[in-house]
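As provided, final.tsv (TSV, C-alpha atoms and all ligand atoms) reads as follows.
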```tsv
chain	number	residue	atom	x	y	z
J	64	MET	CA	-0.63	-27.24	-4.24
J	65	PRO	CA	-1.20	-24.26	-6.59
J	66	ASP	CA	1.70	-21.98	-7.42
J	67	LEU	CA	1.06	-18.86	-5.33
J	68	SER	CA	3.97	-16.83	-6.71
J	69	VAL	CA	3.13	-13.66	-8.63
J	70	GLN	CA	5.13	-11.53	-11.04
J	71	LEU	CA	4.70	-7.76	-11.15
J	72	ASN	CA	7.09	-6.79	-13.94
J	73	ARG	CA	10.55	-6.98	-12.28
J	74	LEU	CA	9.11	-7.82	-8.86
J	75	ARG	CA	8.51	-11.48	-8.07
J	76	LEU	CA	6.72	-12.32	-4.82
J	77	PRO	CA	6.23	-15.78	-3.27
J	78	ASN	CA	2.51	-15.10	-2.91
J	79	PRO	CA	0.11	-12.16	-3.40
J	80	ILE	CA	-0.66	-11.36	0.27
J	81	LEU	CA	1.26	-8.35	1.60
J	82	VAL	CA	0.82	-6.10	4.62
J	83	ALA	CA	0.29	-2.40	3.94
J	84	SER	CA	2.56	0.42	4.98
J	85	GLY	CA	1.68	2.08	8.28
J	86	THR	CA	-0.36	-0.85	9.57
J	87	PHE	CA	2.41	-3.21	10.62
J	88	GLY	CA	5.01	-0.97	12.27
J	89	TYR	CA	8.49	-2.22	11.43
J	90	ALA	CA	7.17	-5.79	11.82
J	91	ARG	CA	9.21	-6.51	14.95
J	92	GLU	CA	6.22	-5.35	17.01
J	93	MET	CA	4.28	-8.24	15.42
J	94	VAL	CA	6.92	-10.97	15.64
J	95	ALA	CA	5.21	-12.70	18.57
J	96	TYR	CA	2.04	-13.22	16.56
J	97	ALA	CA	2.86	-14.81	13.23
J	98	ASP	CA	5.43	-16.50	11.00
J	99	PHE	CA	6.22	-13.69	8.60
J	100	ARG	CA	8.18	-15.92	6.25
J	101	GLN	CA	4.81	-16.93	4.85
J	102	LEU	CA	3.88	-13.41	3.77
J	103	GLY	CA	4.14	-12.26	0.18
J	104	GLY	CA	5.68	-9.03	1.40
J	105	ILE	CA	5.99	-6.57	4.27
J	106	ILE	CA	5.79	-2.83	3.63
J	107	PRO	CA	6.94	-0.87	6.68
J	108	LYS	CA	5.79	2.64	7.60
J	109	THR	CA	6.66	5.42	5.18
J	110	VAL	CA	10.18	6.79	5.62
J	111	THR	CA	11.09	10.41	4.87
J	112	PRO	CA	14.59	11.90	4.42
J	113	GLN	CA	14.51	13.62	7.82
J	114	PRO	CA	12.72	12.65	11.06
J	115	ARG	CA	9.12	13.86	11.32
J	116	PRO	CA	7.25	14.31	14.60
J	117	GLY	CA	3.87	13.71	12.92
J	118	ASN	CA	0.56	15.50	13.37
J	119	PRO	CA	-1.11	16.69	16.59
J	120	THR	CA	-3.21	14.15	18.50
J	121	PRO	CA	-5.76	12.61	18.35
J	122	ARG	CA	-4.41	10.96	15.19
J	123	THR	CA	-6.92	8.15	14.76
J	124	VAL	CA	-10.64	7.70	15.23
J	125	GLU	CA	-12.87	4.73	14.55
J	126	THR	CA	-15.70	5.30	12.07
J	127	ALA	CA	-18.54	3.11	10.80
J	128	GLY	CA	-16.82	0.26	8.98
J	129	GLY	CA	-13.37	1.74	9.21
J	130	MET	CA	-11.09	4.35	10.71
J	131	LEU	CA	-9.66	7.76	9.98
J	132	ASN	CA	-5.97	8.47	10.50
J	133	SER	CA	-3.90	11.58	10.37
J	134	ILE	CA	-0.49	10.38	11.49
J	135	GLY	CA	1.43	12.89	9.41
J	136	LEU	CA	4.22	10.49	8.37
J	137	ASP	CA	5.67	10.29	11.88
J	138	ASN	CA	9.03	8.50	11.49
J	139	ASP	CA	12.67	8.77	12.54
J	140	GLY	CA	14.05	9.52	9.08
J	141	LEU	CA	15.95	7.51	6.49
J	142	GLU	CA	19.28	7.10	8.29
J	143	THR	CA	17.63	5.78	11.46
J	144	PHE	CA	15.48	3.46	9.32
J	145	ILE	CA	18.66	2.10	7.77
J	146	ALA	CA	20.56	1.85	11.05
J	147	LYS	CA	17.78	0.33	13.16
J	148	HIS	CA	15.23	-1.36	10.94
J	149	VAL	CA	16.48	-2.52	7.54
J	150	GLN	CA	18.57	-5.52	8.67
J	151	PRO	CA	16.02	-6.76	11.25
J	152	LEU	CA	13.31	-6.47	8.60
J	153	LEU	CA	15.40	-8.35	6.03
J	154	SER	CA	16.10	-11.09	8.57
J	155	LEU	CA	12.37	-11.87	8.85
J	156	GLY	CA	12.49	-13.87	5.62
J	157	ALA	CA	9.63	-12.17	3.75
J	158	PRO	CA	10.22	-9.74	0.87
J	159	ILE	CA	10.62	-6.22	2.26
J	160	ILE	CA	9.34	-3.28	0.25
J	161	ALA	CA	10.54	0.08	1.61
J	162	ASN	CA	7.92	2.83	1.39
J	163	VAL	CA	9.34	6.33	0.92
J	164	ALA	CA	8.02	9.89	0.67
J	165	GLY	CA	9.83	13.08	-0.24
J	166	LYS	CA	8.78	16.71	-0.53
J	167	ASN	CA	10.21	16.99	-4.03
J	168	THR	CA	11.73	14.84	-6.75
J	169	ASP	CA	15.28	15.43	-5.48
J	170	GLU	CA	14.33	14.00	-2.08
J	171	PHE	CA	12.70	10.94	-3.66
J	172	VAL	CA	15.79	10.41	-5.82
J	173	ALA	CA	18.22	10.81	-2.91
J	174	MET	CA	16.28	8.24	-0.88
J	175	ALA	CA	16.14	5.83	-3.81
J	176	ARG	CA	19.91	6.12	-4.31
J	177	ARG	CA	20.59	5.44	-0.64
J	178	LEU	CA	18.23	2.45	-0.50
J	179	ASP	CA	19.75	1.09	-3.70
J	180	GLU	CA	22.68	0.15	-1.42
J	181	PHE	CA	20.39	-2.59	-0.06
J	182	PRO	CA	19.74	-4.86	-3.05
J	183	GLN	CA	18.15	-7.41	-0.69
J	184	LEU	CA	15.12	-5.09	-0.56
J	185	ALA	CA	12.40	-6.40	-2.86
J	186	ALA	CA	11.22	-3.00	-4.13
J	187	LEU	CA	10.51	0.63	-3.32
J	188	GLU	CA	6.93	1.83	-2.90
J	189	LEU	CA	6.62	5.57	-3.53
J	190	ASN	CA	4.08	7.22	-1.26
J	191	ILE	CA	2.80	9.95	-3.55
J	192	SER	CA	-0.63	9.84	-1.95
J	193	CYS	CA	-0.50	10.77	1.75
J	194	PRO	CA	-3.46	13.09	2.40
J	195	ASN	CA	-2.19	14.15	5.84
J	196	VAL	CA	0.89	16.28	5.11
J	197	SER	CA	1.24	19.43	3.11
J	198	GLY	CA	2.17	18.52	-0.47
J	199	GLY	CA	1.74	14.79	0.28
J	200	VAL	CA	-0.70	14.12	-2.53
J	201	ASP	CA	0.58	16.76	-4.96
J	202	TYR	CA	2.59	14.17	-6.88
J	203	GLY	CA	-0.30	11.74	-6.87
J	204	THR	CA	-2.91	14.15	-8.19
J	205	ASP	CA	-0.94	15.51	-11.15
J	206	PRO	CA	-0.08	13.05	-13.93
J	207	GLY	CA	2.96	15.08	-15.01
J	208	MET	CA	4.45	15.28	-11.52
J	209	ALA	CA	3.67	11.62	-10.84
J	210	ALA	CA	5.45	10.59	-14.03
J	211	GLU	CA	8.41	12.87	-13.25
J	212	VAL	CA	9.06	11.36	-9.83
J	213	VAL	CA	8.66	7.75	-11.01
J	214	SER	CA	10.96	8.29	-13.97
J	215	ALA	CA	13.59	10.01	-11.80
J	216	VAL	CA	13.46	7.25	-9.17
J	217	ARG	CA	13.75	4.57	-11.88
J	218	GLY	CA	16.95	6.23	-12.97
J	219	ALA	CA	18.32	6.27	-9.42
J	220	THR	CA	17.79	2.65	-8.37
J	221	SER	CA	17.77	-0.81	-9.81
J	222	LEU	CA	15.06	-1.86	-7.33
J	223	PRO	CA	11.57	-2.37	-8.76
J	224	VAL	CA	9.40	0.73	-8.29
J	225	ILE	CA	5.78	0.74	-7.13
J	226	ALA	CA	3.69	3.92	-7.09
J	227	LYS	CA	1.03	4.10	-4.36
J	228	LEU	CA	-1.80	6.20	-5.74
J	229	THR	CA	-4.52	8.27	-4.16
J	230	PRO	CA	-8.24	7.74	-4.78
J	231	ASN	CA	-8.78	11.47	-4.19
J	232	VAL	CA	-8.77	12.38	-7.89
J	233	THR	CA	-11.32	12.36	-10.69
J	234	SER	CA	-9.48	9.73	-12.75
J	235	VAL	CA	-7.06	7.26	-11.17
J	236	PRO	CA	-6.52	5.53	-14.57
J	237	LEU	CA	-5.05	8.81	-15.87
J	238	ILE	CA	-2.44	8.88	-13.09
J	239	ALA	CA	-1.84	5.11	-13.36
J	240	LYS	CA	-1.13	5.46	-17.09
J	241	ALA	CA	1.30	8.31	-16.43
J	242	VAL	CA	3.31	6.34	-13.86
J	243	ALA	CA	3.19	3.15	-15.94
J	244	ASP	CA	4.55	5.02	-18.98
J	245	ALA	CA	7.24	6.50	-16.71
J	246	GLY	CA	8.44	3.01	-15.76
J	247	ALA	CA	6.56	1.98	-12.62
J	248	ASP	CA	6.67	-1.80	-12.19
J	249	ALA	CA	3.32	-1.75	-10.40
J	250	VAL	CA	0.75	0.53	-8.77
J	251	SER	CA	-0.76	0.15	-5.32
J	252	LEU	CA	-4.45	1.08	-5.38
J	253	VAL	CA	-5.55	2.82	-3.21
J	254	ASN	CA	-4.32	4.96	-0.35
J	255	THR	CA	-6.92	6.40	2.01
J	256	ILE	CA	-9.93	8.52	1.06
J	257	GLN	CA	-9.86	11.95	2.63
J	258	GLY	CA	-12.53	12.41	5.28
J	259	MET	CA	-13.35	13.94	8.63
J	260	ALA	CA	-15.04	13.19	11.93
J	261	ILE	CA	-16.81	15.90	13.92
J	262	ASP	CA	-17.49	16.31	17.63
J	263	TRP	CA	-20.53	18.53	17.13
J	264	ARG	CA	-20.91	19.36	20.83
J	265	ARG	CA	-17.47	20.94	20.86
J	266	ARG	CA	-17.97	22.26	17.31
J	267	LYS	CA	-14.57	20.75	16.50
J	268	PRO	CA	-13.12	18.06	14.25
J	269	VAL	CA	-12.17	14.95	16.23
J	270	LEU	CA	-8.72	14.63	14.67
J	271	GLY	CA	-6.01	17.01	15.82
J	272	ASN	CA	-5.23	17.86	12.21
J	273	GLY	CA	-8.87	18.36	11.22
J	274	LEU	CA	-8.94	16.02	8.22
J	275	GLY	CA	-7.72	12.45	7.87
J	276	GLY	CA	-7.63	9.42	5.59
J	277	LEU	CA	-10.41	6.83	5.69
J	278	SER	CA	-9.48	3.14	5.49
J	279	GLY	CA	-11.04	-0.23	6.29
J	280	PRO	CA	-14.06	-2.11	4.95
J	281	ALA	CA	-15.94	1.17	4.38
J	282	ILE	CA	-13.69	1.95	1.40
J	283	LYS	CA	-13.55	-1.53	-0.15
J	284	PRO	CA	-16.23	-0.86	-2.80
J	285	VAL	CA	-14.38	2.29	-3.90
J	286	ALA	CA	-11.03	0.49	-4.01
J	287	LEU	CA	-12.53	-2.38	-6.02
J	288	ARG	CA	-14.06	0.05	-8.49
J	289	ILE	CA	-10.72	1.80	-8.98
J	290	VAL	CA	-8.76	-1.46	-9.34
J	291	TRP	CA	-11.22	-2.62	-11.97
J	292	GLN	CA	-11.18	0.72	-13.84
J	293	VAL	CA	-7.37	0.85	-13.89
J	294	ALA	CA	-7.14	-2.80	-14.97
J	295	GLN	CA	-9.41	-1.99	-17.93
J	296	ALA	CA	-7.40	1.06	-18.96
J	297	VAL	CA	-3.71	0.35	-18.25
J	298	SER	CA	-1.61	-2.81	-18.46
J	299	VAL	CA	0.42	-2.16	-15.31
J	300	PRO	CA	0.29	-4.81	-12.53
J	301	ILE	CA	-1.95	-3.72	-9.66
J	302	ILE	CA	-1.62	-4.30	-5.92
J	303	GLY	CA	-5.11	-3.87	-4.48
J	304	VAL	CA	-5.57	-2.35	-1.03
J	305	GLY	CA	-8.64	-1.12	0.81
J	306	GLY	CA	-10.67	-2.90	3.47
J	307	ILE	CA	-9.44	-6.47	2.96
J	308	GLN	CA	-10.36	-8.65	5.93
J	309	SER	CA	-11.25	-12.07	4.47
J	310	ILE	CA	-10.31	-14.49	1.71
J	311	ASP	CA	-13.44	-13.44	-0.18
J	312	ASP	CA	-12.16	-9.85	-0.12
J	313	VAL	CA	-8.83	-11.07	-1.53
J	314	MET	CA	-10.60	-12.93	-4.32
J	315	GLU	CA	-12.74	-9.89	-5.17
J	316	PHE	CA	-9.61	-7.78	-5.70
J	317	LEU	CA	-7.91	-10.51	-7.78
J	318	VAL	CA	-10.97	-11.03	-9.95
J	319	ALA	CA	-11.24	-7.23	-10.41
J	320	GLY	CA	-7.72	-7.22	-11.83
J	321	ALA	CA	-5.22	-7.02	-8.96
J	322	THR	CA	-2.18	-9.31	-9.15
J	323	ALA	CA	-1.50	-8.95	-5.42
J	324	VAL	CA	-3.17	-7.34	-2.41
J	325	GLN	CA	-2.22	-5.54	0.80
J	326	VAL	CA	-3.98	-6.10	4.11
J	327	GLY	CA	-4.08	-2.80	5.99
J	328	THR	CA	-6.48	-1.70	8.72
J	329	ALA	CA	-7.37	-5.30	9.63
J	330	ASN	CA	-3.80	-5.82	10.92
J	331	PHE	CA	-4.65	-3.54	13.85
J	332	TYR	CA	-7.24	-5.94	15.24
J	333	ASN	CA	-5.93	-9.22	13.80
J	334	PRO	CA	-2.16	-9.29	13.23
J	335	THR	CA	-2.27	-12.91	12.04
J	336	LEU	CA	-4.94	-12.30	9.40
J	337	ALA	CA	-2.58	-11.76	6.47
J	338	THR	CA	-0.53	-14.86	7.28
J	339	ASN	CA	-3.72	-16.94	7.59
J	340	LEU	CA	-4.96	-15.64	4.24
J	341	VAL	CA	-1.95	-17.17	2.46
J	342	GLY	CA	-3.03	-20.67	3.54
J	343	GLU	CA	-6.68	-19.92	2.82
J	344	LEU	CA	-5.81	-18.76	-0.69
J	345	ALA	CA	-3.97	-22.01	-1.44
J	346	VAL	CA	-6.98	-24.04	-0.27
J	347	LEU	CA	-9.44	-21.96	-2.25
J	348	LEU	CA	-7.44	-22.05	-5.49
J	349	THR	CA	-7.16	-25.83	-5.13
J	350	GLU	CA	-10.93	-26.08	-4.68
J	351	LEU	CA	-11.39	-23.96	-7.80
J	352	GLY	CA	-9.00	-26.19	-9.77
J	353	CYS	CA	-6.60	-23.29	-10.41
J	354	ASP	CA	-2.88	-24.00	-10.81
J	355	ARG	CA	-1.78	-20.45	-10.22
J	356	VAL	CA	-3.01	-17.08	-8.95
J	357	ALA	CA	-3.00	-15.65	-12.48
J	358	ASP	CA	-5.86	-18.02	-13.36
J	359	VAL	CA	-8.28	-15.78	-11.44
J	360	VAL	CA	-6.71	-12.34	-11.97
J	361	GLY	CA	-8.95	-10.04	-14.03
J	362	THR	CA	-11.64	-12.66	-14.63
J	363	LEU	CA	-14.55	-10.36	-13.76
J	364	GLU	CA	-17.42	-10.65	-16.22
J	365	PHE	CA	-18.79	-7.14	-16.27
J	366	PRO	CA	-22.33	-6.70	-17.63
J	367	VAL	CA	-22.51	-5.01	-21.01
J	368	ARG	CA	-23.73	-1.48	-20.43
J	369	ARG	CA	-26.62	-0.27	-22.57
R	1	LIG	C1	0.05	9.23	7.61
R	1	LIG	O1	1.18	9.01	8.06
R	1	LIG	O2	-0.55	10.28	7.84
R	1	LIG	C2	-0.63	8.20	6.74
R	1	LIG	C3	0.18	7.80	5.59
R	1	LIG	C4	-0.55	7.81	4.30
R	1	LIG	O3	-1.77	7.95	4.25
R	1	LIG	O4	0.10	7.68	3.26
```
Kindly present the structure from the file in structure tokens form.
Amino acid sequence: MPDLSVQLNRLRLPNPILVASGTFGYAREMVAYADFRQLGGIIPKTVTPQPRPGNPTPRTVETAGGMLNSIGLDNDGLETFIAKHVQPLLSLGAPIIANVAGKNTDEFVAMARRLDEFPQLAALELNISCPNVSGGVDYGTDPGMAAEVVSAVRGATSLPVIAKLTPNVTSVPLIAKAVADAGADAVSLVNTIQGMAIDWRRRKPVLGNGLGGLSGPAIKPVALRIVWQVAQAVSVPIIGVGGIQSIDDVMEFLVAGATAVQVGTANFYNPTLATNLVGELAVLLTELGCDRVADVVGTLEFPVRR
């Protein structure tokens, strides 16, 4: 049996298969379907300091090879998250990574301080990349702001810190370097790609908020490209996310340079997929003669460009 555990600086996970924020509720909705103790990690929906009602409906629409969402960080706020969800999540037996978003650095820091009271959490993932709320990606598109928030959060908590980055910039490696230098233990690559769907007969966007974030298999080639580019440029551990729906997809992200992966959109139509992938990964690594996940991470042989 290969060793599936992975190390992302201060964060150790039992295996590299996680479920992405916003695609798995608070996990209790999924309890009937799978044994979550097998997962490498569960990342519940983004929490904000105060409750948010979210964006106008419709908030989701299926597209070719994926979906657009514009949820608008609908959640009940940090104190309700703590009162209702943290203990049940921790009791599931998988590492729990809380995903947080603030409007400014002070809000991120206040949330990090409060969640630091729960050392059983595995890590904090900073959502500095939501395309669906005003200011949501500001931190993720500016290297200086991204570094500022990561550095401030590092000072406010002893939990490992992951920065979830947006693909909606010219150079993700630039932002990844900034957050790595500021002390991020890992980066999650990538959040959704901004897009839109149009009902041309009504001359209106389909989504209530006009624009949304594209996810699913349609964005996998973009996510792979970004994971590979960041892996070449920065030595921060990468959690790959974007369109994963099979063990081959997992392997592609690992070979490109990701140490772990998150299953996202696929959870909506197959809530047991991520759990199944853990077993499939063990079988595949055994077939390949690999003792550990690290044996395949970053092994892409890229053609020499002329
Ligand atoms: C949303 O709540 O609008 C999606 C979250 C995200 O893209 O970060």
Which residues sit within 6 Å of ligand LIG 1 (chain R), counting all atoms listed in the file, listed as an NGL selection string?
-> :J and (133-136 or 192-195 or 255)
Which one is closest to Val94 of chain J: J:Pro284, J:Arg75, J:Pro119, J:Gly156? Count only C-alpha atoms.
->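 The shortest atom-to-atom distance to Val94 of chain J comes from J:Gly156.
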Close residues, Leu155 of chain J itself excluded, 9 Å, all atoms listed in the file, min 4 positions apart in chain, as a PyMOL selection string = chain J and resi 90-91+94+98-100+150-151+159
Show me as a PyMOL selection string the residues that reach within 12 Å of (13.5, 13.9, 10.1), counting only C-alpha atoms and using the file's own coordinates.
-> chain J and resi 109-117+136-144+164-166
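One distance worth recording is that between atom CA of Ile289 of chain J and atom CA of Ile302 of chain J, which is 11.4 Å.
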Quick one: residues within 9 Å of Asp244 of chain J, all atoms listed in the file, excluding same-chain residues fewer than 3 positions away - as a PDB file with C-alpha atoms, in the coordinates of the input?
```pdb
ATOM      1  CA  ALA J 210       5.450  10.590 -14.030  1.00  0.00           C
ATOM      2  CA  SER J 214      10.960   8.290 -13.970  1.00  0.00           C
ATOM      3  CA  ALA J 239      -1.840   5.110 -13.360  1.00  0.00           C
ATOM      4  CA  LYS J 240      -1.130   5.460 -17.090  1.00  0.00           C
ATOM      5  CA  ALA J 241       1.300   8.310 -16.430  1.00  0.00           C
ATOM      6  CA  ALA J 247       6.560   1.980 -12.620  1.00  0.00           C
TER       7      ALA J 247
END
```
Taking only C-alpha atoms into account, produce a table as CSV in which each residue of segment 122-214 of chain J with an atom at most 10 Å from an atom of segment 224-234 of chain J appears once, together with its shortest atom pair and the distance in Å to one decimal, ordered by chain and rising number.
```
residue,atom,partner,partner_atom,distance
J:Ile160,CA,J:Ile225,CA,9.1
J:Ala161,CA,J:Ile225,CA,10.0
J:Asn162,CA,J:Ile225,CA,9.0
J:Ala175,CA,J:Val224,CA,9.6
J:Ala185,CA,J:Val224,CA,9.5
J:Ala186,CA,J:Val224,CA,5.9
J:Leu187,CA,J:Val224,CA,5.1
J:Glu188,CA,J:Ile225,CA,4.5
J:Leu189,CA,J:Ala226,CA,4.9
J:Asn190,CA,J:Lys227,CA,5.4
J:Ile191,CA,J:Lys227,CA,6.2
J:Ser192,CA,J:Thr229,CA,4.7
J:Cys193,CA,J:Thr229,CA,7.6
J:Pro194,CA,J:Thr229,CA,8.2
J:Val200,CA,J:Thr229,CA,7.2
J:Asp201,CA,J:Thr229,CA,9.9
J:Tyr202,CA,J:Leu228,CA,9.2
J:Gly203,CA,J:Leu228,CA,5.8
J:Thr204,CA,J:Val232,CA,6.1
J:Asp205,CA,J:Val232,CA,9.0
J:Ala209,CA,J:Ala226,CA,8.6
J:Ala210,CA,J:Ala226,CA,9.8
J:Val212,CA,J:Ala226,CA,9.6
J:Val213,CA,J:Ala226,CA,7.4
J:Ser214,CA,J:Val224,CA,9.6
```
